[in-house]
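Novice: upload.txt is reproduced in full below (compact mmCIF, C-alpha atoms).
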# COMPACT_ATOMS: atom_id res chain seq x y z
CA MET A 1 -0.20 0.05 -14.03
CA THR A 2 2.51 2.58 -14.90
CA PRO A 3 3.67 4.96 -12.13
CA SER A 4 1.49 7.69 -13.67
CA GLU A 5 -1.55 5.39 -13.74
CA THR A 6 -0.94 4.45 -10.10
CA VAL A 7 -0.90 8.12 -9.08
CA THR A 8 -4.08 8.79 -11.07
CA ALA A 9 -5.82 5.82 -9.41
CA PHE A 10 -4.73 7.15 -6.01
CA ILE A 11 -6.10 10.63 -6.72
CA ARG A 12 -9.41 9.14 -7.93
CA ALA A 13 -9.72 7.03 -4.75
CA VAL A 14 -9.13 10.13 -2.63
CA GLU A 15 -11.87 11.96 -4.55
CA ARG A 16 -14.29 9.09 -3.76
CA LYS A 17 -13.12 9.29 -0.11
CA ASP A 18 -12.36 5.57 -0.53
CA LEU A 19 -9.46 5.44 1.92
CA ASP A 20 -9.17 1.64 1.76
CA ALA A 21 -8.55 1.79 -1.99
CA ALA A 22 -6.23 4.79 -1.62
CA LEU A 23 -4.14 3.18 1.16
CA GLU A 24 -3.85 -0.04 -0.90
CA LEU A 25 -1.78 1.97 -3.43
CA LEU A 26 0.72 3.18 -0.81
CA GLY A 27 3.87 1.41 0.36
CA ASP A 28 4.20 0.67 4.08
CA GLU A 29 7.10 3.13 4.29
CA ILE A 30 5.09 5.93 2.65
CA SER A 31 6.31 9.45 3.42
CA TYR A 32 3.49 11.99 3.00
CA GLU A 33 4.91 15.48 2.99
CA ASN A 34 2.85 18.66 2.96
CA MET A 35 5.81 20.95 2.56
CA PRO A 36 4.79 23.68 5.02
CA ILE A 37 4.45 21.12 7.86
CA GLN A 38 6.17 18.00 9.22
CA PRO A 39 6.23 14.81 7.09
CA ILE A 40 3.90 11.95 8.02
CA THR A 41 5.35 8.45 7.80
CA GLY A 42 3.42 5.20 7.43
CA LYS A 43 -0.12 4.28 6.41
CA PRO A 44 -1.87 4.86 9.77
CA GLY A 45 -0.68 8.46 9.83
CA VAL A 46 -1.72 9.03 6.22
CA ARG A 47 -5.17 7.58 6.95
CA ALA A 48 -5.69 9.81 9.98
CA THR A 49 -4.57 12.88 8.03
CA LEU A 50 -6.80 12.13 5.05
CA GLU A 51 -9.76 11.45 7.34
CA ALA A 52 -9.30 14.90 8.86
CA PHE A 53 -8.65 16.54 5.49
CA LEU A 54 -11.61 14.98 3.67
CA GLY A 55 -14.03 14.71 6.58
CA GLY A 56 -15.93 17.20 8.71
CA GLU A 57 -17.67 19.85 6.64
CA VAL A 58 -16.20 18.59 3.34
CA THR A 59 -19.07 17.08 1.34
CA ASP A 60 -17.34 16.67 -2.05
CA VAL A 61 -13.74 16.31 -3.20
CA ASP A 62 -12.70 17.23 -6.76
CA TRP A 63 -8.95 17.13 -7.45
CA GLN A 64 -8.35 18.36 -10.98
CA VAL A 65 -5.07 17.16 -12.50
CA LEU A 66 -3.96 19.97 -14.84
CA ARG A 67 -0.65 18.42 -15.90
CA GLN A 68 1.03 15.12 -15.05
CA VAL A 69 4.54 14.16 -16.11
CA GLU A 70 6.25 10.79 -15.55
CA SER A 71 9.95 10.02 -15.69
CA GLY A 72 11.10 6.61 -14.51
CA THR A 73 9.71 6.07 -11.02
CA THR A 74 8.92 9.79 -10.52
CA VAL A 75 5.52 11.34 -11.24
CA VAL A 76 4.90 15.07 -10.90
CA ASN A 77 1.52 16.70 -11.24
CA GLU A 78 -0.02 20.13 -11.12
CA ARG A 79 -3.45 20.12 -9.54
CA LEU A 80 -6.34 22.23 -8.40
CA ASP A 81 -7.54 20.43 -5.26
CA ARG A 82 -11.16 21.44 -4.65
CA PHE A 83 -13.18 20.76 -1.48
CA ARG A 84 -16.89 21.52 -1.27
CA ILE A 85 -17.80 23.04 2.11
CA GLY A 86 -21.39 24.18 2.52
CA ASP A 87 -22.38 26.24 -0.52
CA GLY A 88 -18.82 27.00 -1.63
CA TRP A 89 -15.65 25.39 -2.91
CA LEU A 90 -12.21 25.71 -1.34
CA GLU A 91 -9.74 25.69 -4.27
CA LEU A 92 -6.08 25.00 -3.59
CA PRO A 93 -3.37 25.09 -6.31
CA VAL A 94 -0.92 22.23 -5.64
CA ALA A 95 2.19 20.72 -7.23
CA GLY A 96 2.71 17.08 -6.22
CA VAL A 97 5.82 14.90 -6.46
CA PHE A 98 5.38 11.12 -6.20
CA GLU A 99 7.76 8.15 -6.19
CA VAL A 100 6.34 4.74 -7.12
CA ASP A 101 8.29 1.55 -6.32
CA ALA A 102 8.73 -1.57 -8.47
CA ALA A 103 5.71 -3.19 -6.79
CA GLY A 104 3.50 -0.28 -7.93
CA ARG A 105 3.17 1.31 -4.48
CA ILE A 106 3.57 5.02 -3.83
CA THR A 107 6.45 5.56 -1.37
CA LEU A 108 6.63 9.36 -1.53
CA TRP A 109 3.79 11.88 -1.80
CA ARG A 110 5.07 15.46 -1.48
CA ASP A 111 2.71 18.41 -2.05
CA TYR A 112 3.80 22.04 -2.52
CA PHE A 113 1.15 24.69 -1.80
CA ASP A 114 0.50 27.91 0.07
CA MET A 115 -0.83 27.03 3.52
CA ASN A 116 -2.45 30.43 4.05
CA SER A 117 -4.52 29.99 0.87
CA TYR A 118 -5.98 26.85 2.46
CA VAL A 119 -6.46 28.25 5.96
CA GLN A 120 -8.08 31.50 4.84
CA GLN A 121 -10.54 29.85 2.46
CA ARG A 122 -11.44 27.21 5.01
CA GLY A 123 -12.09 29.90 7.62
CA ALA A 124 -14.28 31.87 5.22
CA LEU A 125 -16.33 28.80 4.25
CA THR A 126 -16.80 27.45 7.76
CA GLY A 127 -17.30 30.89 9.28
CA GLY A 128 -14.53 30.31 11.82
CA MET B 129 19.20 23.22 -26.00
CA THR B 130 16.40 20.92 -24.87
CA PRO B 131 13.57 22.44 -22.79
CA SER B 132 15.20 20.99 -19.66
CA GLU B 133 18.59 22.49 -20.56
CA THR B 134 16.93 25.87 -21.19
CA VAL B 135 15.35 25.81 -17.72
CA THR B 136 18.67 24.82 -16.14
CA ALA B 137 20.47 27.66 -17.96
CA PHE B 138 17.79 30.07 -16.72
CA ILE B 139 18.16 28.93 -13.10
CA ARG B 140 21.96 29.24 -13.32
CA ALA B 141 21.66 32.81 -14.72
CA VAL B 142 19.36 33.74 -11.83
CA GLU B 143 21.90 32.35 -9.37
CA ARG B 144 24.59 34.58 -10.93
CA LYS B 145 22.09 37.50 -10.72
CA ASP B 146 22.77 37.87 -14.46
CA LEU B 147 19.35 39.22 -15.37
CA ASP B 148 20.33 40.00 -18.97
CA ALA B 149 21.22 36.35 -19.58
CA ALA B 150 18.13 35.17 -17.69
CA LEU B 151 15.73 37.46 -19.59
CA GLU B 152 17.28 36.36 -22.91
CA LEU B 153 15.86 32.88 -22.23
CA LEU B 154 12.28 34.15 -21.74
CA GLY B 155 9.67 34.72 -24.44
CA ASP B 156 8.16 38.20 -24.74
CA GLU B 157 4.79 36.82 -23.61
CA ILE B 158 6.29 35.21 -20.47
CA SER B 159 3.83 34.58 -17.64
CA TYR B 160 5.64 34.41 -14.29
CA GLU B 161 3.31 33.02 -11.66
CA ASN B 162 4.12 32.80 -7.98
CA MET B 163 0.99 30.90 -7.09
CA PRO B 164 0.06 32.73 -3.86
CA ILE B 165 0.08 36.10 -5.70
CA GLN B 166 -0.98 37.64 -9.02
CA PRO B 167 0.79 36.54 -12.24
CA ILE B 168 3.36 38.87 -13.81
CA THR B 169 3.28 39.14 -17.60
CA GLY B 170 6.12 40.30 -19.86
CA LYS B 171 9.87 40.70 -19.45
CA PRO B 172 9.91 44.16 -17.79
CA GLY B 173 7.70 42.87 -14.96
CA VAL B 174 9.84 39.76 -14.52
CA ARG B 175 13.01 41.88 -14.41
CA ALA B 176 11.58 44.21 -11.76
CA THR B 177 10.39 41.27 -9.68
CA LEU B 178 13.73 39.45 -9.89
CA GLU B 179 15.62 42.66 -9.04
CA ALA B 180 13.53 42.98 -5.88
CA PHE B 181 13.78 39.26 -5.08
CA LEU B 182 17.54 38.95 -5.62
CA GLY B 183 18.60 42.42 -4.52
CA GLY B 184 18.65 44.31 -1.23
CA GLU B 185 20.13 42.24 1.59
CA VAL B 186 20.53 39.12 -0.57
CA THR B 187 24.27 38.59 -1.11
CA ASP B 188 24.20 35.07 -2.61
CA VAL B 189 21.65 32.98 -4.48
CA ASP B 190 21.83 29.17 -4.52
CA TRP B 191 18.88 27.42 -6.16
CA GLN B 192 19.35 23.67 -5.75
CA VAL B 193 17.47 21.58 -8.31
CA LEU B 194 16.53 18.36 -6.51
CA ARG B 195 14.55 16.76 -9.35
CA GLN B 196 13.81 17.89 -12.88
CA VAL B 197 11.48 16.08 -15.27
CA GLU B 198 10.84 16.95 -18.94
CA SER B 199 7.92 15.87 -21.10
CA GLY B 200 7.55 17.51 -24.50
CA THR B 201 7.56 21.28 -23.98
CA THR B 202 6.88 20.98 -20.22
CA VAL B 203 9.62 20.97 -17.58
CA VAL B 204 8.86 20.47 -13.89
CA ASN B 205 11.41 20.78 -11.14
CA GLU B 206 11.61 20.47 -7.40
CA ARG B 207 13.98 22.98 -5.86
CA LEU B 208 15.39 24.37 -2.65
CA ASP B 209 15.77 28.08 -3.41
CA ARG B 210 18.36 29.50 -1.00
CA PHE B 211 19.11 33.20 -0.42
CA ARG B 212 21.99 34.37 1.75
CA ILE B 213 21.00 37.31 3.94
CA GLY B 214 23.61 38.51 6.41
CA ASP B 215 25.00 35.50 8.28
CA GLY B 216 22.09 33.18 7.46
CA TRP B 217 20.35 31.44 4.59
CA LEU B 218 16.66 31.70 3.75
CA GLU B 219 15.66 28.26 2.37
CA LEU B 220 12.42 27.92 0.41
CA PRO B 221 11.11 24.58 -0.93
CA VAL B 222 9.62 25.18 -4.40
CA ALA B 223 8.02 23.16 -7.19
CA GLY B 224 8.31 24.89 -10.58
CA VAL B 225 6.39 24.29 -13.81
CA PHE B 226 7.85 25.66 -17.06
CA GLU B 227 6.72 25.72 -20.67
CA VAL B 228 9.38 26.23 -23.37
CA ASP B 229 8.37 27.21 -26.92
CA ALA B 230 9.81 25.94 -30.22
CA ALA B 231 12.29 28.85 -30.29
CA GLY B 232 13.73 27.73 -26.94
CA ARG B 233 12.18 30.55 -24.90
CA ILE B 234 10.41 30.03 -21.59
CA THR B 235 6.79 31.22 -21.90
CA LEU B 236 5.50 30.01 -18.51
CA TRP B 237 7.27 29.96 -15.14
CA ARG B 238 4.93 28.92 -12.34
CA ASP B 239 6.27 28.33 -8.81
CA TYR B 240 4.37 26.60 -6.00
CA PHE B 241 5.57 27.38 -2.45
CA ASP B 242 4.40 28.44 0.99
CA MET B 243 4.49 32.24 1.15
CA ASN B 244 4.61 32.33 4.97
CA SER B 245 7.78 30.20 4.94
CA TYR B 246 9.43 32.93 2.85
CA VAL B 247 8.04 35.90 4.79
CA GLN B 248 8.86 34.52 8.24
CA GLN B 249 12.45 33.54 7.37
CA ARG B 250 13.05 36.87 5.66
CA GLY B 251 11.75 38.71 8.70
CA ALA B 252 13.97 36.71 11.05
CA LEU B 253 17.09 37.27 8.90
CA THR B 254 16.56 41.00 8.33
CA GLY B 255 15.35 41.61 11.87
CA GLY B 256 12.14 43.19 10.65
Render the structure in this file as structure tokens.
Specialist:
Amino acid sequence: MTPSETVTAFIRAVERKDLDAALELLGDEISYENMPIQPITGKPGVRATLEAFLGGEVTDVDWQVLRQVESGTTVVNERLDRFRIGDGWLELPVAGVFEVDAAGRITLWRDYFDMNSYVQQRGALTGG
Amino acid sequence: MTPSETVTAFIRAVERKDLDAALELLGDEISYENMPIQPITGKPGVRATLEAFLGGEVTDVDWQVLRQVESGTTVVNERLDRFRIGDGWLELPVAGVFEVDAAGRITLWRDYFDMNSYVQQRGALTGG
């Protein structure tokens, strides 16, 4: 797989909530960085974060890749990450930067987004 | 200039607060989108926004381009946008998506960032 194909496969695994398949595509030294908060390092931390992010009231996950550009080992995409909660969808605009190593594992996953957009929609959809 | 060189020239003009040079690199139909807020369309709106953003207490502008990737007419960069206010620097992590037309004008400038990171730092540096 090319770096871009690896990132696409990772996104698709996340959408299926198939964390085993998703984690298989990450390097052991993975740094997962949601820019407004502290980075998470290593697969166990990524798994725990994704379980929280995709679990609970979230019944469906639909991450739409609007643009994806590859250059060497770097992949950048522009996404609309959608989470179904109850009768509504939380929709979060995201720009993601990925680094993929020679073995085809993602070693950096850095997402840029507005945290308040996430928090406010989540509150509205969960009523809390 | 390539699309990537056009984007770099635009960023450098912004750093110099040379709005005439910056606006010269934009198409008349420019859409300037700070993702947490409403898009701004057209050069007069971009000029007014940049004057507000770069003016007032901001004495220096230093936008560090950490990565920049080009594919066709699309340019994506990862930046640390720094603004000097008084004795301190406001530092905002940003991912930017640009489209450059055949005439070498930027028609889309879309920045992803955490609005609270900007607002809180600005408040701390201006004391308000």
Novice: Set the cut-off to 10 Å and count all atoms listed in the file: what are the residues of chain B that reach chain A? Output as a PDB file with C-alpha atoms, in the frame of the given file.
Specialist:
ATOM      1  CA  MET B 163       0.990  30.900  -7.090  1.00  0.00           C
ATOM      2  CA  PRO B 164       0.060  32.730  -3.860  1.00  0.00           C
ATOM      3  CA  ARG B 195      14.550  16.760  -9.350  1.00  0.00           C
ATOM      4  CA  GLN B 196      13.810  17.890 -12.880  1.00  0.00           C
ATOM      5  CA  VAL B 197      11.480  16.080 -15.270  1.00  0.00           C
ATOM      6  CA  GLU B 198      10.840  16.950 -18.940  1.00  0.00           C
ATOM      7  CA  SER B 199       7.920  15.870 -21.100  1.00  0.00           C
ATOM      8  CA  GLY B 200       7.550  17.510 -24.500  1.00  0.00           C
ATOM      9  CA  THR B 202       6.880  20.980 -20.220  1.00  0.00           C
ATOM     10  CA  VAL B 203       9.620  20.970 -17.580  1.00  0.00           C
ATOM     11  CA  VAL B 204       8.860  20.470 -13.890  1.00  0.00           C
ATOM     12  CA  ASN B 205      11.410  20.780 -11.140  1.00  0.00           C
ATOM     13  CA  GLU B 206      11.610  20.470  -7.400  1.00  0.00           C
ATOM     14  CA  LEU B 220      12.420  27.920   0.410  1.00  0.00           C
ATOM     15  CA  PRO B 221      11.110  24.580  -0.930  1.00  0.00           C
ATOM     16  CA  VAL B 222       9.620  25.180  -4.400  1.00  0.00           C
ATOM     17  CA  ALA B 223       8.020  23.160  -7.190  1.00  0.00           C
ATOM     18  CA  GLY B 224       8.310  24.890 -10.580  1.00  0.00           C
ATOM     19  CA  VAL B 225       6.390  24.290 -13.810  1.00  0.00           C
ATOM     20  CA  ASP B 239       6.270  28.330  -8.810  1.00  0.00           C
ATOM     21  CA  TYR B 240       4.370  26.600  -6.000  1.00  0.00           C
ATOM     22  CA  PHE B 241       5.570  27.380  -2.450  1.00  0.00           C
ATOM     23  CA  ASP B 242       4.400  28.440   0.990  1.00  0.00           C
ATOM     24  CA  MET B 243       4.490  32.240   1.150  1.00  0.00           C
ATOM     25  CA  ASN B 244       4.610  32.330   4.970  1.00  0.00           C
ATOM     26  CA  SER B 245       7.780  30.200   4.940  1.00  0.00           C
TER      27      SER B 245
END
Novice: Provide the CA of Asp87 (chain A) to CA of Val65 (chain A) distance in Å, to one decimal place.
Specialist: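 These two atoms are separated by 22.9 Å.
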Novice: Could you pull the residues within 8 Å of region 178-182 of chain B, counting only C-alpha atoms, minus those fewer than 5 positions along the same chain, as a list in words?
Specialist: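 Returned residues: Lys145, Leu147, Val189 and Phe211 of chain B.
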Novice: In Å to one decimal, how far is CA of Val186 (chain B) from CA of Ile213 (chain B)?
Specialist: 4.9 Å
Novice: When you count only C-alpha atoms, which of these residues is closest to Leu125 (chain A): A:Asp101, A:Glu91, A:Glu5, A:Asp62?
Specialist: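 The answer is A:Glu91, which sits nearest to Leu125 (chain A).
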Novice: Compile the contact shell of Phe10 (chain A) as a VMD selection string: residues with an atom at most 9 Å away, counting all atoms listed in the file, same-chain residues fewer than 5 positions apart removed.
Specialist: chain A and resid 5 15 21 to 26 106
Novice: How far is it from CA of Gln38 (chain A) to CA of Arg207 (chain B), in Å with one decimal?
Specialist: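 Straight-line distance from CA of Gln38 (chain A) to CA of Arg207 (chain B) works out to 17.7 Å.
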Novice: Please determine the residues with any atom at most 7 Å from (20.8, 28.4, -10.0) (coordinates as given in the file, with all atoms listed in the file counting) and report them as JSON, numbers by chain.
Specialist: {"B": [139, 140, 141, 142, 143, 190, 191, 192]}
